[in-house]
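> For reference, the structure I am asking about is given below.
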Amino acid sequence: MNADIVDLRAFYASLLGRLAERSIAMALSSIWTKLPEERLVGLGYTVPWLDRFGSDAERVFAFMPARQGAVRWPPGKPSATALVFEEELPLSDSSVDRILLVHALEHAENPEQTLMEIWRVLAPGGRLVIVVPNRRGLWARFEHTPFGTGRPYSRAQLVEALRGANFTPGAWADTLHFPPARRRWVMRLHGWLERAGQRFWPLFAGVLVVEAEKRLYQGLPAMTRRSRRALVPVLTPQGVAGFGSGAAMRDH
């Protein structure tokens with residue numbers, strides 16, 4: 001099951017989504033190293049955090065996978081959004097300093113190829129920051145949040161995937177230790193539950209966060225990229241029954 005842009009926007013507009021956004025931002029802050037005049041790309045649905053972490057960057061782009069759909073960002077400014085294929089990013093080699101992945105890797109059609117494509121566009125020593133659902137966590141078991149869709153990861157699986165694509169895992173963080181309940185009395189306790197979970201049940205966090213560095217001077221096996229369907233964005237009239245807002249996709 002893929003994340004849809006309409007569902008993602010609706011989730012992060014809800015109270016539970018705002019609490020999740022805040023908790024993930026705190027986890028990102030704990031491992032986010034400032035890079036002067038960096039070129040930052042968010043891949044997936046990253047707009048809730050690009051405003052916070054991209055304020056000091058030289059340039060920031062929000063790349064959104066074709067199967068997810070896209071929204072205009074940032075509001076009130078020239079658009080920095082692009083609809084992309086994760087395996088064919090519209091960037092030249094070694095052109096960006098950091099890529100933030102949220103709601104992306106767990107939905108990638110070919111995660112290995114996606115990571116190798118990210119390796120290609122990152123500058124030497126560039127950073128990749130990944131946020132994925134934790135295989136052991138509660139959030140991966142409930143589909144009323146975006147973290148209950150796609151393929152969740154364990155730490156060992158993330159390490160294996162990163163090393164296979166020539167990345168060196170570095171700093172780790174975890175978050176969303178409170179349950180994904182929509183009852184207000186539970187959400188009022190999210191702060192206490194988050195702190196308690198970090199101390200007593202960190203293995204069952206809802207989300208894993210890892211920063212990895214692009215590694216050089218190691219041979220990678222040659223791979224033949226398989227042919228794939230081309231998806232073309234189609235504008236959908238607003239208010240038509242059976243369609244959500246945003247760009248729809250159709251196969252050619």
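Please note that chains go A, B, ... in the order of the structure tokens, that every chain numbers its residues from 1, and that ligands are numbered from 1 in the order shown.
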What residues in segment 189-223 of chain A get the DSSP label alpha helix (DSSP H)? Please answer as a list in words.

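Those residues are His190, Gly191, Trp192, Leu193, Glu194, Arg195, Ala196, Gly197, Gln198, Arg199 and Phe200 of chain A.
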
> Write out as a VMD selection string each polymer residue whose atoms come within 6 Å of segment 66-73 of chain A, counting only C-alpha atoms; drop sequence neighbours fewer than 2 positions from it.

chain A and resid 3 to 5 64 75 79 to 81 83 to 85

> Could those residues be written to a file, using N, CA and C atoms, as a compact mmCIF listing (two decimals), in the first residue's frame?


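Heads up, here's the output in out10.txt:
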```txt
# COMPACT_ATOMS: atom_id res chain seq x y z
N ALA A 3 1.69 5.40 0.13
CA ALA A 3 1.19 6.62 0.74
C ALA A 3 0.71 7.56 -0.35
N ASP A 4 -0.42 8.21 -0.12
CA ASP A 4 -1.00 9.14 -1.08
C ASP A 4 -0.89 10.55 -0.54
N ILE A 5 -0.65 11.50 -1.43
CA ILE A 5 -0.41 12.87 -0.99
C ILE A 5 -1.60 13.44 -0.23
N MET A 64 9.01 14.75 -4.75
CA MET A 64 7.91 13.88 -4.33
C MET A 64 7.72 12.77 -5.34
N PRO A 75 4.57 27.57 0.36
CA PRO A 75 3.42 28.45 0.07
C PRO A 75 3.85 29.91 0.00
N SER A 79 7.66 27.91 -6.51
CA SER A 79 7.61 26.49 -6.17
C SER A 79 8.99 25.85 -6.24
N ALA A 80 9.29 25.03 -5.24
CA ALA A 80 10.53 24.25 -5.20
C ALA A 80 10.21 22.76 -5.19
N THR A 81 9.05 22.40 -5.71
CA THR A 81 8.58 21.02 -5.72
C THR A 81 8.79 20.41 -7.10
N LEU A 83 7.99 16.49 -9.21
CA LEU A 83 7.46 15.13 -9.22
C LEU A 83 8.53 14.25 -9.88
N VAL A 84 9.02 13.22 -9.18
CA VAL A 84 10.18 12.47 -9.65
C VAL A 84 9.97 10.97 -9.55
N PHE A 85 10.83 10.21 -10.24
CA PHE A 85 11.03 8.80 -9.99
C PHE A 85 12.20 8.68 -9.02
```

> One decimal, in Å: what's the spacing between atom CA of Arg127 of chain A and atom CA of Leu176 of chain A?

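Separation between atom CA of Arg127 of chain A and atom CA of Leu176 of chain A: 23.2 Å.
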
> Between A:Ser95, A:Ser30, A:Thr175, A:Thr46, single out the one closest to Arg120 of chain A, counting only C-alpha atoms.

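Comparing A:Ser95, A:Ser30, A:Thr175, A:Thr46 against Arg120 of chain A, the winner is A:Ser95.
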
> List every residue of segment 102-228 of chain A that DSSP, applied to the backbone, labels as strand (DSSP E or B), and write the result as a PyMOL selection string.

chain A and resi 102+122-134+153+167-175+207-214

> Taking N, CA and C atoms for each residue, export the selection above as a short mmCIF file (atom, residue, chain, number, x, y, z; two decimals), in the first residue's frame.


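Dumped to selection_4.cif:
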```cif
data_model
loop_
_atom_site.label_atom_id
_atom_site.label_comp_id
_atom_site.auth_asym_id
_atom_site.auth_seq_id
_atom_site.Cartn_x
_atom_site.Cartn_y
_atom_site.Cartn_z
N VAL A 102 11.75 10.84 3.99
CA VAL A 102 10.63 10.54 4.89
C VAL A 102 9.47 10.05 4.03
N LEU A 122 24.64 12.64 -4.42
CA LEU A 122 25.25 13.27 -3.25
C LEU A 122 26.71 13.61 -3.53
N ALA A 123 27.15 14.75 -3.01
CA ALA A 123 28.55 15.14 -3.12
C ALA A 123 29.41 14.23 -2.24
N PRO A 124 30.71 14.13 -2.51
CA PRO A 124 31.59 13.35 -1.63
C PRO A 124 31.45 13.80 -0.17
N GLY A 125 31.24 12.83 0.70
CA GLY A 125 31.00 13.16 2.10
C GLY A 125 29.60 13.64 2.39
N GLY A 126 28.71 13.59 1.39
CA GLY A 126 27.33 14.04 1.58
C GLY A 126 26.58 13.17 2.57
N ARG A 127 25.52 13.72 3.14
CA ARG A 127 24.75 13.05 4.18
C ARG A 127 23.38 12.62 3.67
N LEU A 128 22.98 11.43 4.09
CA LEU A 128 21.64 10.92 3.84
C LEU A 128 20.97 10.69 5.19
N VAL A 129 19.81 11.30 5.40
CA VAL A 129 19.06 11.14 6.65
C VAL A 129 17.75 10.43 6.31
N ILE A 130 17.53 9.28 6.95
CA ILE A 130 16.37 8.45 6.64
C ILE A 130 15.47 8.35 7.86
N VAL A 131 14.18 8.51 7.63
CA VAL A 131 13.14 8.28 8.64
C VAL A 131 12.25 7.17 8.11
N VAL A 132 12.19 6.04 8.83
CA VAL A 132 11.37 4.90 8.37
C VAL A 132 10.62 4.30 9.55
N PRO A 133 9.49 3.63 9.29
CA PRO A 133 8.78 2.93 10.37
C PRO A 133 9.64 1.80 10.92
N ASN A 134 9.59 1.64 12.23
CA ASN A 134 10.32 0.58 12.92
C ASN A 134 9.52 -0.72 12.86
N TYR A 153 11.27 -1.24 8.66
CA TYR A 153 12.65 -1.71 8.73
C TYR A 153 13.09 -1.92 10.17
N PHE A 167 27.04 3.41 1.70
CA PHE A 167 26.90 4.42 2.74
C PHE A 167 27.42 3.87 4.06
N THR A 168 27.94 4.76 4.88
CA THR A 168 28.39 4.39 6.22
C THR A 168 27.38 4.94 7.24
N PRO A 169 26.62 4.08 7.91
CA PRO A 169 25.68 4.57 8.93
C PRO A 169 26.44 5.26 10.07
N GLY A 170 25.84 6.34 10.57
CA GLY A 170 26.47 7.08 11.65
C GLY A 170 25.54 7.19 12.85
N ALA A 171 25.05 8.41 13.08
CA ALA A 171 24.21 8.67 14.26
C ALA A 171 22.82 8.09 14.07
N TRP A 172 22.25 7.60 15.18
CA TRP A 172 20.90 7.04 15.20
C TRP A 172 20.03 7.79 16.18
N ALA A 173 18.73 7.75 15.91
CA ALA A 173 17.74 8.27 16.86
C ALA A 173 16.47 7.45 16.67
N ASP A 174 15.58 7.49 17.65
CA ASP A 174 14.27 6.86 17.52
C ASP A 174 13.24 7.74 18.19
N THR A 175 12.01 7.61 17.75
CA THR A 175 10.95 8.46 18.29
C THR A 175 9.60 7.79 18.06
N VAL A 207 9.37 4.90 15.00
CA VAL A 207 10.16 5.36 13.86
C VAL A 207 11.65 5.26 14.19
N LEU A 208 12.43 4.85 13.20
CA LEU A 208 13.88 4.87 13.29
C LEU A 208 14.42 6.00 12.42
N VAL A 209 15.45 6.68 12.92
CA VAL A 209 16.09 7.77 12.19
C VAL A 209 17.59 7.48 12.15
N VAL A 210 18.18 7.56 10.98
CA VAL A 210 19.62 7.32 10.86
C VAL A 210 20.23 8.32 9.89
N GLU A 211 21.43 8.76 10.22
CA GLU A 211 22.21 9.59 9.30
C GLU A 211 23.35 8.74 8.76
N ALA A 212 23.55 8.75 7.45
CA ALA A 212 24.62 7.98 6.82
C ALA A 212 25.43 8.89 5.91
N GLU A 213 26.69 8.54 5.76
CA GLU A 213 27.59 9.35 4.93
C GLU A 213 27.96 8.59 3.67
N LYS A 214 28.03 9.32 2.57
CA LYS A 214 28.43 8.72 1.30
C LYS A 214 29.87 8.25 1.39
#
```

> Considering only C-alpha atoms, can you say which of A:Met187, A:Leu203, A:Leu216, A:Ile24 comes closest to Trp119 of chain A?

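Smallest distance to Trp119 of chain A is found for A:Leu216.
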